[in-house]
Structures are given as structure tokens and as C-alpha cells.
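Participant: Before I ask anything, here is the structure I am working with.
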Amino acid sequence: MGTILPIANRVLYEDNHLIIVNKLPSEIIQGDKTGDQPLSETVKQYIKEKYKKPGAVFLGVVHRLDRPVGGVTVFARTSKALSRMNALIKDRLITKKYWAIVKSDPPEIEDTLRDYLVRDSKKNKSFISKKQVKDSKEAVLSYRLLAKSNDYKLLEIDLQTGRHHQIRAQLAAIGCPVKGDLKYGFPRSNKDASISLHARSIAFIHPVKKEEMMLVANPPDDVLWNYFLKIVPNQHTSNK
């Protein structure tokens, strides 16, 4: 998966309440059956060593990204911050934007997609329904076409509901599966097993300090992402 940068180089923000990290596409957020070390444990070790904390380190997972997806990931360092961040998510007071590289032109330059998603846990996949059915959940996102290369398009997605594989399923349903996403219909995998979906930014009011927060993470260092990063105008950037 390439060289894993020391976690300190990927910390976008930290204080006594929150720590926000640029996740690599290879990382899992929490432990799973693979037995690979999750990002949450790596961040705990970082906190323990940096602040010389004795005993166990508290770290709450505020939201999750799929393993092949990279980008902005928020953790809470206290239970109070975790409960308040969860409340912001529930009340849809957190703005999350993603970048996705796709092969096909979207039907419209910009649009809002409203669907219902049904999750199949056995297949670890979500399926689109245009109407509400048993166990379905409403899924809403807006997208806009940001840029084009000779072969690919860059979409920016404003995610308004956080459903399982939502962006992947909804983009595939309009004929724009994410580059490298075999599960949702892209014909070829990416060499590093990632998919070309990146959690670009997150904005919210800090749960304790009540300050406006806006964190931006650069996508993985590869030729196509670097091309789009260079040509997209008026984008806030981060060096991490």
C-alpha cells in the first residue's frame, strides 16, 4: 500500500476534545476480522506517547469511512465531545464533502439524488430503491462536476445523510461508479486496492469551544489525484 506516513504527519487538528486525521485508503477505522491494526489504535498510541498518558487512552469514533476510502476522519478524545459530535450528526449540523473520480459523465452537471438504500449485510453491499421498502433508509446527496481529464471526471459530493456505502451506491445508480470500485460496477480495480473516493472536508461548530471548524485533507499522492488537485480552482488546501 506504499509507505505509511507517521501518524503525526496526518493529524489535521487536535486539542483536548478532538483529533482529526487524514485516513489512508488502506486503513480500517476500527478492528475487524482481518486483525489489521485499526487507525483508532494508531491514534491512541500517538496520544499516549505524545502526552505521556498512563493507562488506557479514551478515543471515540465519531464517523466511519470504508476501508478503501481515504480522507478526513474525526475522533473524540472525551466522552462529552463524542456525545456532542453524535448530536451534531443526528441533527445534520456537520457538512461533509467528498471527491469522487468517475469514468462516465454524470447525467447533469449538478444534481441532488434522493433514493432509499437497502443494506445487504451478507454481501456487505447497499442496493437502491426509488421508493420506501422494508428496512430501507432515505439517502440524500448533492453532486457537482468539478473538473475533467482526458478519461475521467472529478465530482464533489455534499453528503446529507450518512448511509452504508451511500455515495458508492448512488453514483453507480446514475451510471457513474467510482473508479476502482468493483463492488459497484467499475470494471477494473485500482492497483493499491483503494477506490477513488476521498473525504475532502468537514465543517461544524466545535462541540466545546463553539468555534467554526473547517478541515480539509489532500487526496492520496498519485498521478490522477494530483492532476485534479492542481486544476481545481478556489479550493482550500491542507498540507496533509
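Please note that chains go A, B, ... in the order of the C-alpha cells, that every chain numbers its residues from 1, and that ligands are numbered from 1 in the order shown.
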Enumerate as JSON, numbers by chain all residues of stretch 11-117 of chain A assigned to strand (DSSP E or B) by DSSP on the backbone, naming them with the chain letters and numbers the document uses.

Facilitator: {"A": [11, 12, 13, 14, 18, 19, 20, 21, 22, 23, 60, 61, 70, 71, 72, 73, 74, 75, 76, 95, 96, 97, 98, 99, 100, 101, 102, 110, 111, 112, 113, 114, 115, 116, 117]}

Participant: Using DSSP on the backbone, list every residue of stretch 23-201 of chain A that comes out as alpha helix (DSSP H), and give them as a PyMOL selection string.

Facilitator: chain A and resi 39-50+79-90+166-173

Participant: Residues within 12 Å of stretch 47-57 of chain A, please, as a PyMOL selection string. Count only C-alpha atoms; anything in the same chain fewer than 2 positions from it doesn't count.

Facilitator: chain A and resi 7-8+11+14-19+40-45+59-60+75-79

Participant: Export N, CA and C atoms of the chosen residues as a PDB file, in the first residue's frame?

Facilitator:
```
ATOM      1  N   ILE A   7       1.829   8.881  11.803  1.00  0.00           N
ATOM      2  CA  ILE A   7       0.507   9.456  12.036  1.00  0.00           C
ATOM      3  C   ILE A   7       0.574  10.949  12.333  1.00  0.00           C
ATOM      4  N   ALA A   8       1.639  11.417  12.956  1.00  0.00           N
ATOM      5  CA  ALA A   8       1.751  12.845  13.275  1.00  0.00           C
ATOM      6  C   ALA A   8       1.685  13.706  12.016  1.00  0.00           C
ATOM      7  N   VAL A  11      -2.103  14.330  11.080  1.00  0.00           N
ATOM      8  CA  VAL A  11      -3.045  14.966  12.007  1.00  0.00           C
ATOM      9  C   VAL A  11      -3.396  16.352  11.463  1.00  0.00           C
ATOM     10  N   GLU A  14      -5.871  18.949  16.393  1.00  0.00           N
ATOM     11  CA  GLU A  14      -6.036  18.265  17.677  1.00  0.00           C
ATOM     12  C   GLU A  14      -6.109  19.283  18.795  1.00  0.00           C
ATOM     13  N   ASP A  15      -6.927  18.964  19.775  1.00  0.00           N
ATOM     14  CA  ASP A  15      -6.974  19.711  21.027  1.00  0.00           C
ATOM     15  C   ASP A  15      -7.366  18.710  22.105  1.00  0.00           C
ATOM     16  N   ASN A  16      -7.804  19.183  23.256  1.00  0.00           N
ATOM     17  CA  ASN A  16      -8.151  18.275  24.348  1.00  0.00           C
ATOM     18  C   ASN A  16      -9.445  17.499  24.101  1.00  0.00           C
ATOM     19  N   HIS A  17     -10.194  17.912  23.069  1.00  0.00           N
ATOM     20  CA  HIS A  17     -11.525  17.344  22.846  1.00  0.00           C
ATOM     21  C   HIS A  17     -11.601  16.474  21.587  1.00  0.00           C
ATOM     22  N   LEU A  18     -10.895  16.890  20.552  1.00  0.00           N
ATOM     23  CA  LEU A  18     -10.993  16.212  19.247  1.00  0.00           C
ATOM     24  C   LEU A  18      -9.609  15.972  18.665  1.00  0.00           C
ATOM     25  N   ILE A  19      -9.516  14.943  17.814  1.00  0.00           N
ATOM     26  CA  ILE A  19      -8.335  14.779  16.964  1.00  0.00           C
ATOM     27  C   ILE A  19      -8.851  14.349  15.591  1.00  0.00           C
ATOM     28  N   SER A  40      -7.877   3.766  14.743  1.00  0.00           N
ATOM     29  CA  SER A  40      -8.204   4.201  16.099  1.00  0.00           C
ATOM     30  C   SER A  40      -7.106   3.812  17.087  1.00  0.00           C
ATOM     31  N   GLU A  41      -6.534   2.629  16.932  1.00  0.00           N
ATOM     32  CA  GLU A  41      -5.462   2.194  17.841  1.00  0.00           C
ATOM     33  C   GLU A  41      -4.171   2.965  17.573  1.00  0.00           C
ATOM     34  N   THR A  42      -3.904   3.259  16.298  1.00  0.00           N
ATOM     35  CA  THR A  42      -2.717   4.045  15.949  1.00  0.00           C
ATOM     36  C   THR A  42      -2.806   5.436  16.573  1.00  0.00           C
ATOM     37  N   VAL A  43      -4.004   6.031  16.513  1.00  0.00           N
ATOM     38  CA  VAL A  43      -4.208   7.370  17.090  1.00  0.00           C
ATOM     39  C   VAL A  43      -4.086   7.312  18.613  1.00  0.00           C
ATOM     40  N   LYS A  44      -4.607   6.273  19.218  1.00  0.00           N
ATOM     41  CA  LYS A  44      -4.460   6.110  20.678  1.00  0.00           C
ATOM     42  C   LYS A  44      -2.985   6.058  21.075  1.00  0.00           C
ATOM     43  N   GLN A  45      -2.195   5.296  20.322  1.00  0.00           N
ATOM     44  CA  GLN A  45      -0.764   5.192  20.609  1.00  0.00           C
ATOM     45  C   GLN A  45      -0.083   6.552  20.470  1.00  0.00           C
ATOM     46  N   LEU A  59     -10.734   7.113  23.238  1.00  0.00           N
ATOM     47  CA  LEU A  59     -10.873   7.641  21.880  1.00  0.00           C
ATOM     48  C   LEU A  59     -12.197   7.158  21.318  1.00  0.00           C
ATOM     49  N   GLY A  60     -13.063   8.101  20.988  1.00  0.00           N
ATOM     50  CA  GLY A  60     -14.365   7.758  20.431  1.00  0.00           C
ATOM     51  C   GLY A  60     -14.387   7.962  18.930  1.00  0.00           C
ATOM     52  N   PHE A  75     -12.122  11.880  15.437  1.00  0.00           N
ATOM     53  CA  PHE A  75     -12.200  11.114  16.674  1.00  0.00           C
ATOM     54  C   PHE A  75     -12.416  12.080  17.833  1.00  0.00           C
ATOM     55  N   ALA A  76     -13.106  11.595  18.865  1.00  0.00           N
ATOM     56  CA  ALA A  76     -13.315  12.389  20.067  1.00  0.00           C
ATOM     57  C   ALA A  76     -12.382  11.909  21.172  1.00  0.00           C
ATOM     58  N   ARG A  77     -11.808  12.838  21.902  1.00  0.00           N
ATOM     59  CA  ARG A  77     -10.878  12.485  22.972  1.00  0.00           C
ATOM     60  C   ARG A  77     -11.544  12.428  24.347  1.00  0.00           C
ATOM     61  N   THR A  78     -12.806  12.832  24.416  1.00  0.00           N
ATOM     62  CA  THR A  78     -13.560  12.727  25.670  1.00  0.00           C
ATOM     63  C   THR A  78     -14.962  12.223  25.364  1.00  0.00           C
ATOM     64  N   SER A  79     -15.590  11.644  26.356  1.00  0.00           N
ATOM     65  CA  SER A  79     -16.957  11.144  26.160  1.00  0.00           C
ATOM     66  C   SER A  79     -17.924  12.301  25.914  1.00  0.00           C
TER      67      SER A  79
END
```

Participant: Which polymer residues have any atom within 6 Å of an atom of A:Pro38, counting only C-alpha atoms, with same-chain residues fewer than 6 positions away left out, as a list in words?

Facilitator: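 My reading of the contact set: Ile28, Ile29, Gln30 and Gly31 of chain A.
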
Participant: With C-alpha atoms retained, export the selected residues as a compact mmCIF listing (two decimals), in the first residue's frame.

Facilitator:
```txt
# COMPACT_ATOMS: atom_id res chain seq x y z
CA ILE A 28 -9.60 0.39 8.80
CA ILE A 29 -11.17 2.73 11.36
CA GLN A 30 -11.91 0.04 13.95
CA GLY A 31 -10.78 -3.54 14.42
```

Participant: Which residue gives the smallest distance to A:Lys80 among A:Val61, A:Ala100, A:Ala193, A:Val208, with only C-alpha atoms counted?

Facilitator: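 Closest to A:Lys80, using only C-alpha atoms: A:Val208.
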
Participant: Out of A:Ala139, A:Leu93, A:Ala217, A:Ile195, which residue has the shortest atom-to-atom distance to A:Asp66 when counting only C-alpha atoms?

Facilitator: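 Checking each of A:Ala139, A:Leu93, A:Ala217, A:Ile195 against A:Asp66, counting only C-alpha atoms, the winner is A:Ile195.
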
Participant: Compare A:Lys179, A:Lys209, A:Arg10, A:Lys134 by their minimum atom-to-atom distance to A:Leu39, counting only C-alpha atoms, and give me the closest one.

Facilitator: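 Smallest distance to A:Leu39 is found for A:Arg10.
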
Participant: Choose the residue, out of A:Asp135, A:Asp32, A:Glu156, A:Glu27, that has the smallest atom-to-atom separation from A:Ser201; count only C-alpha atoms.

Facilitator: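 Of all the options, A:Glu156 lies closest to A:Ser201.
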
Participant: Could you give me, as an mmCIF file with N, CA and C atoms, in the first residue's frame, the residues within 8 Å of A:Ser196, counting only C-alpha atoms and dropping anything in the same chain fewer than 3 positions from it?

Facilitator:
```cif
data_model
loop_
_atom_site.group_PDB
_atom_site.id
_atom_site.type_symbol
_atom_site.label_atom_id
_atom_site.label_comp_id
_atom_site.auth_asym_id
_atom_site.auth_seq_id
_atom_site.Cartn_x
_atom_site.Cartn_y
_atom_site.Cartn_z
ATOM 1 N N VAL A 69 -11.503 3.905 1.254
ATOM 2 C CA VAL A 69 -11.714 5.352 1.131
ATOM 3 C C VAL A 69 -10.770 6.077 2.086
ATOM 4 N N ALA A 100 -14.935 12.408 -5.738
ATOM 5 C CA ALA A 100 -15.004 11.093 -6.374
ATOM 6 C C ALA A 100 -14.542 11.208 -7.820
ATOM 7 N N ILE A 101 -13.679 10.291 -8.229
ATOM 8 C CA ILE A 101 -13.256 10.208 -9.630
ATOM 9 C C ILE A 101 -14.089 9.128 -10.303
ATOM 10 N N VAL A 102 -14.740 9.493 -11.416
ATOM 11 C CA VAL A 102 -15.573 8.558 -12.162
ATOM 12 C C VAL A 102 -15.178 8.591 -13.637
ATOM 13 N N VAL A 178 -17.626 4.731 -8.875
ATOM 14 C CA VAL A 178 -16.335 5.311 -8.505
ATOM 15 C C VAL A 178 -15.204 4.472 -9.093
ATOM 16 N N LYS A 179 -14.186 5.159 -9.604
ATOM 17 C CA LYS A 179 -13.024 4.463 -10.185
ATOM 18 C C LYS A 179 -12.454 3.449 -9.178
ATOM 19 N N GLY A 180 -12.278 2.224 -9.643
ATOM 20 C CA GLY A 180 -11.696 1.175 -8.813
ATOM 21 C C GLY A 180 -12.695 0.394 -7.974
ATOM 22 N N ASP A 181 -13.970 0.811 -7.984
ATOM 23 C CA ASP A 181 -14.966 0.191 -7.108
ATOM 24 C C ASP A 181 -15.655 -0.988 -7.798
#
```

Participant: Give me, as a count of residues only, all polymer residues having an atom no more than 10 Å from A:Val74, counting only C-alpha atoms and skipping those fewer than 3 positions away in the same chain.

Facilitator: 20

Participant: In terms of the shortest atom-to-atom distance over only C-alpha atoms, which of A:Leu24, A:Val232, A:Ala199, A:Ala87 is closest to A:Val216?

Facilitator: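 The answer is A:Ala199, which sits nearest to A:Val216.
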